[in-house]
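Let me begin by presenting the structure, written as structure tokens, before commenting on it.
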Amino acid sequence: MQTITKTVLYLMLLALGTACETIIEPELEDAAPVLVVDAWLTNQEKAQEIILTQTQPYFENELPVGVTGAGVTVRGRQSGRLFSFVESGNGIYRWTPAANDSLGPVGEQFDLTIQWQGQTYTASARTGRVPKLDSISYFFEEETAISVEQWVGEFWARDPVGKGDTYWIRTWKNGVLLNKPAELTVAFDAGFSEGGNLDGVTFITPVRRGMNPIEQNEDDEFLPAYAPGDSAYVEIRSISKEAFNFLNEVIIQTDRPGGFSELFARPIANVSTNITNSNPQGPRAVGFFNVSAVSGAGKRLMP
Amino acid sequence: MQFFEPSEHPVKNKSFAARNLRASDAFTMLFFIRKLLFVRKLLLGLLLLGYVLAASGQTRVTVSGYIRDQSNGEALIGATLYVKELQTGAAANEYGFYSLTIAPGSYTMVFSYVGYLTQTQSTELIQNQRLDVQLVPEAEELEEVIVEAEGQPTARNFEMSTNKLDIKTISKVPTLLGEVDVFRSLLLLPGVSTVGEGASGFNVRGGSVGQNLVLLDEAPVYNSSHLFGFFSVFNPDAVKDTKLYKGAIPSRYGGRLASLLDIRMKEGNSKEFEANGGIGTIFSRLAIEAPIVKDKASFIVAGRRSYIDVLGRPFVPLLQEGGALNFYDLTAKANYNLNERNRLYASGYFGRDKFLFDANQGFSWGNTTGSLRWNHLFNDRLFSNFTLIYSNYNYKLQFGEDNRNRFNWDSSISNLIAKPEFTYFINSRNELNFGGELINYTFEPANAVGITNGESVDISLPRKYNLEGALYIANRQQVGNNLELEYGLRFSHFRALGSGVQYTYNDTIPGRRRSVVDSESFASGETMSTYQNWEPRFAFKYQVNPHTSVKGSYNRMVQYLHLISNTTASNPLDVWTPTSNNIKPELGDQFTFGVFKNVGPKRTYEVSIEAYYRTTQNQIDYIDGADLLINQFLEGDLLSGRGRAYGLETYFQKKTGKVTGWISYTMGRTEMQVAGINRGAWYPTRFDQLHNLKVVGFYEINKRWSASANFVLTSGTPTTFPTSRFLQQGILIPFNANDSRNNLRLPAYHRLDISFRLEGKTVRNNGKVRKNRDHWVFAVYNVYSRRNPFSIYFSQRDERVSAGQPIDTQATQLAIIGSLVPSVSYNFNF
């Protein structure tokens, strides 16, 4: 959809000239803070972190303050193992595995429990499978109507047969994670959505090219995605279907390029959460719990 | 009542399940014929009643005929006949036909129409008489600008909640980029609004864009906008008459909740060749009309094309490499007067918007409609019209630079409509309308093929087939001297037909997308689900005194098609989807009440106050994160709720003099309640506008110069603001801790437009009269460069933030049109 929108918008610009934008500071309603759970774990053999904070006023441009004194555990249902996450400052709760140990294999169902201020919050997630990331390639693209002359990266992998695999594609360019809203890429099987019915094939072009950074200079001109000497590392993470829906909602809510794209924008709505308070009358929490399997590959652009 | 006998429902009854759609059509036809037979009985009863009524007096005779424009032969819709001696009259219908049955005698007949010289004729009426009349247009200088909110006090035309815009008025309203536009003028009427520049369609009395039925010569138009809503698809050179029904919608129309916009095309000059055209900033247009056989047959062909791409080609490489950026439309109509009793009309529209990024990539959309009509007079009192209509709306998208990686997608809605309609002019006090409508829909939600790395994947969604039928009967009755009634009933029926798969979803948990729990397959032609509804309609007008009337109405409307759109503004990618086992038909009940008065020494000022209250059921909203495009399980992402809209429209118009114009102020509310949205409480819809003020003025400076101006002031559109923010994996997400929807408003919208018109010289320098007429229009849209906000959006700043650094957030207010827009256009007529 993004390419479509972008193209259409470019053409509208041609037709009508520029829309006009002003930064404003509107008055917002007051709201009490709620618990934020940032629990995106992997089954890799390395330390896993869960970050607990609270929501802040929208225009408070500071780092959120960590939650202290919470009890955080993850239990593997089949293994029966209980993983205790130890508080280590700034709201970070960490589990560090012994050598060659991890949370568990693909297919394991995990239950998260957080005890804080007399409330018990829980969430559950199953680790899905992930295809091997075969390779990364780069090709040179001449200047087009919507992009400059540049090297474009593409990763190659094939969704396994069987409907309902959901993924989050994460890319590091020269060691820096690309996670601006416009750079978020998620996939349902080899395509973008369940209704797309793209199962068991190579990821479609826009997913494969989801590894490219989207950056503009001060004059709103796009910068080349990659240049000779740059390196990229791409990860495919399996995510639950709920997490896929969540990240799609996040894209809708956060990727706001403005201008004529507002004609296609959707109204602000709260993104979903899979964290529930066992006391339905108690305060709620936001955020997500997911345990991913990961595959990845990297390549430096050496034309 | 046999309508509801369960045995008549072929649901699950295999013996009825025809093998293909055609057989099933036949079946449904039968079903309707049976209903028709029933209605015929009803009709016979009514006819008998009418006959008795007629027979109870003395012998009656009928005077009937067509009222036309003497200069070009165009039918004058709504022109009136008034019989002085009896103080009664009749109004011409959409085809210019009138019929009045009265006692024999000698009468003074007054034929009149706004902008035309009144014609008075003394007639000795002994037997049935055909009286075709041609009215002479008033001279240009005397021309009045009229938006007719009410018919002549003497006329039978007593509709309420309607606004009629003739094309002369439309062409005088200040324009955007010099283009005369039907929608721009509609937006100046009471009760009509928009969410902002660039939004497709319009909102009527708090209804959504998809709740308006837009008819072009009876053919439904599914997307009525060019260039995302900046211009309407209707070529003003081909439009004769525009009528907006906001309430009291006659029984012969149905299918949408909020309004009916009835656009009638010109028939084409049947007297002589005529050409109209213009060169504007956006479009060039040309319309040609001429008689085929003088006074018997004529045609009009009108075309427009935007040419920004032609002008831009030397400067924009994209346009040289196969890219395109244009929109065009072609409107044509022909009519043939077979004889006094039969007349044929054929009309068609074809229009398209093209945004091609290169020769193979881009986006396009457009409508195609065609209608064939046959007016037949069974006798002086029974008028009939048979219409066959085809209408299609589709859009196409294609992407991918090589053949190994491509994406092609198109989507369409098309329908075939058969519509027999009858008017029986029983006597001067009763006019009976009856008929039916059968619509065959084919939906193609997505024909889509993706080719990824050389592998082709067809991700098309199955077609959907539906049939909608309706039967109606309505009587317009004069009771005593001062009371007029219109009461009617419409019966509508909708069914989904196979082949197809019907899904059942789990119950809605507020805020969660629903999943499929069961599915059932249906063979081709099998009935998947059916709905039927009675739609009562009632309206009255009470003439308190010659200058004051009171009007009221109630109507129930049912909508079986739903425009699926969850973006802030409606856009061309919005899909229409039919009622199904999961989506119930939308129901609307509207009550209106109003007082209308002509004031001033010469009664040339018109004042009206009208209140409306509408409730709706099964109105559609969307689960957060709903995926509306190419989604097989779309219906699982839809929610249904209740709606209510109420308001007060006040209107003041000055019809004559050097300065004319109107002031319209509407105070209204429109709200929805849906489980899972806004904590289950009522919330304002995006098109809720508490205040809506419009001032429109026209001023004749001298014989050659005239000016017009309009001013619009409306409440800002409701919007949702976040209260808080939080991080997930370094991404900043807005959060509304109160779960509000549309809790705040954008700043108010206001705008002033002005326009000057210079008539070309009518006399040459050498004293000879010019045959050709021309005029220039100089217009400025948004005179004081107001940056009216279209939306306010919240986002993190664009810079890349390194891990561990706080993220800055900001709010941005966007104006689609950020400055004044001047324009010039040249228009000619010869």
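The way I read the labels, and the way they are meant: chains A, B, ... in the order of the structure tokens, residue 1 as the first residue of every chain, and ligand 1 as the first ligand shown, with later ones counted on from there.
Residues within 9 Å of Lys46 of chain A, counting only C-alpha atoms and excluding same-chain residues fewer than 6 positions away, are Trp95, Thr96, Pro97, Ala98, Ala99, Asn100, Asp101 and Ser102 of chain A.
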Report task. Just the residues within 7 Å of segment 151-165 of chain A, please, counting only C-alpha atoms, with nothing from its chain fewer than 6 positions along; format it as a ChimeraX atom specification. Result -> /A:131-141,188-190,199-203,208-209,211-212,224-227
Closest pair table for chain A residues within 6 Å of chain B, only C-alpha atoms, as JSON lines:
```
{"residue": "A:Ala19", "atom": "CA", "partner": "B:Ile816", "partner_atom": "CA", "distance": 4.6}
{"residue": "A:Cys20", "atom": "CA", "partner": "B:Ala815", "partner_atom": "CA", "distance": 5.0}
{"residue": "A:Glu21", "atom": "CA", "partner": "B:Leu814", "partner_atom": "CA", "distance": 4.5}
{"residue": "A:Thr22", "atom": "CA", "partner": "B:Gln813", "partner_atom": "CA", "distance": 5.2}
{"residue": "A:Ile23", "atom": "CA", "partner": "B:Thr812", "partner_atom": "CA", "distance": 4.5}
{"residue": "A:Ile24", "atom": "CA", "partner": "B:Ala811", "partner_atom": "CA", "distance": 5.7}
{"residue": "A:Leu28", "atom": "CA", "partner": "B:Thr723", "partner_atom": "CA", "distance": 5.8}
{"residue": "A:Glu29", "atom": "CA", "partner": "B:Thr723", "partner_atom": "CA", "distance": 5.6}
{"residue": "A:Ala31", "atom": "CA", "partner": "B:Ala737", "partner_atom": "CA", "distance": 6.0}
{"residue": "A:Asp38", "atom": "CA", "partner": "B:Gln728", "partner_atom": "CA", "distance": 5.4}
{"residue": "A:Thr55", "atom": "CA", "partner": "B:Phe726", "partner_atom": "CA", "distance": 5.1}
{"residue": "A:Gln56", "atom": "CA", "partner": "B:Ser724", "partner_atom": "CA", "distance": 5.3}
{"residue": "A:Pro57", "atom": "CA", "partner": "B:Ser724", "partner_atom": "CA", "distance": 4.3}
{"residue": "A:Tyr58", "atom": "CA", "partner": "B:Ser724", "partner_atom": "CA", "distance": 4.1}
{"residue": "A:Phe59", "atom": "CA", "partner": "B:Thr809", "partner_atom": "CA", "distance": 5.9}
{"residue": "A:Asn61", "atom": "CA", "partner": "B:Asp808", "partner_atom": "CA", "distance": 5.1}
{"residue": "A:Glu62", "atom": "CA", "partner": "B:Pro806", "partner_atom": "CA", "distance": 5.0}
{"residue": "A:Leu63", "atom": "CA", "partner": "B:Pro806", "partner_atom": "CA", "distance": 4.8}
{"residue": "A:Gly195", "atom": "CA", "partner": "B:Asn631", "partner_atom": "CA", "distance": 4.1}
{"residue": "A:Gly196", "atom": "CA", "partner": "B:Ile459", "partner_atom": "CA", "distance": 5.6}
{"residue": "A:Asn197", "atom": "CA", "partner": "B:Ile459", "partner_atom": "CA", "distance": 5.8}
{"residue": "A:Ile204", "atom": "CA", "partner": "B:Thr452", "partner_atom": "CA", "distance": 5.0}
{"residue": "A:Glu249", "atom": "CA", "partner": "B:Gly625", "partner_atom": "CA", "distance": 5.1}
{"residue": "A:Leu263", "atom": "CA", "partner": "B:Ala569", "partner_atom": "CA", "distance": 5.5}
{"residue": "A:Phe264", "atom": "CA", "partner": "B:Thr567", "partner_atom": "CA", "distance": 5.3}
{"residue": "A:Ala265", "atom": "CA", "partner": "B:Thr567", "partner_atom": "CA", "distance": 5.2}
{"residue": "A:Arg266", "atom": "CA", "partner": "B:Thr567", "partner_atom": "CA", "distance": 4.3}
{"residue": "A:Ile268", "atom": "CA", "partner": "B:Thr720", "partner_atom": "CA", "distance": 5.8}
{"residue": "A:Asn270", "atom": "CA", "partner": "B:Phe735", "partner_atom": "CA", "distance": 5.6}
```
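Taking atom CA of Arg514 of chain B as the reference point, atom CA of Asp637 of chain B is found at 6.5 Å.
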task = Find the residues near Leu165 of chain B: any atom within 12 Å, counting only C-alpha atoms, skip ones fewer than 6 places away on the same chain, and give them as a VMD selection string.
result = chain B and resid 77 114 145 to 150 171 to 173 181 to 189 236 239 to 245 261 to 264
*asked:* Env of Gly76 of chain A: 7 Å cut, atoms = only C-alpha atoms, seq-sep filter 3 positions within chain, self excluded. Answer as a PyMOL selection string.
replied: chain A and resi 79-82+108-111
- as a PyMOL selection string, which residues of segment 298-462 of chain B does DSSP assign to strand (DSSP E or B)? chain B and resi 298-306+324-339+342-358+361-377+382-402+405-427+430-452+455-458
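Picture a line from atom CA of Val83 of chain B to atom CA of Val133 of chain B; it runs 14.6 Å.
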Next item on the list: Just the residues within 10 Å of Gly282 of chain A, please, counting only C-alpha atoms, with nothing from its chain fewer than 6 positions along; format it as a PyMOL selection string.
Entry: chain A and resi 118-121+276
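Shell of Glu437 of chain B at 10 Å, with only C-alpha atoms counted and residues fewer than 6 places along the chain excluded, is B:Phe32, B:Arg252, B:Tyr253, B:Gly254, B:Thr387, B:Leu388, B:Ile417, B:Ala418, B:Lys419, B:Pro420, B:Glu421, B:Glu468, B:Gly469, B:Ala470, B:Leu471, B:Tyr472, B:Ser492.
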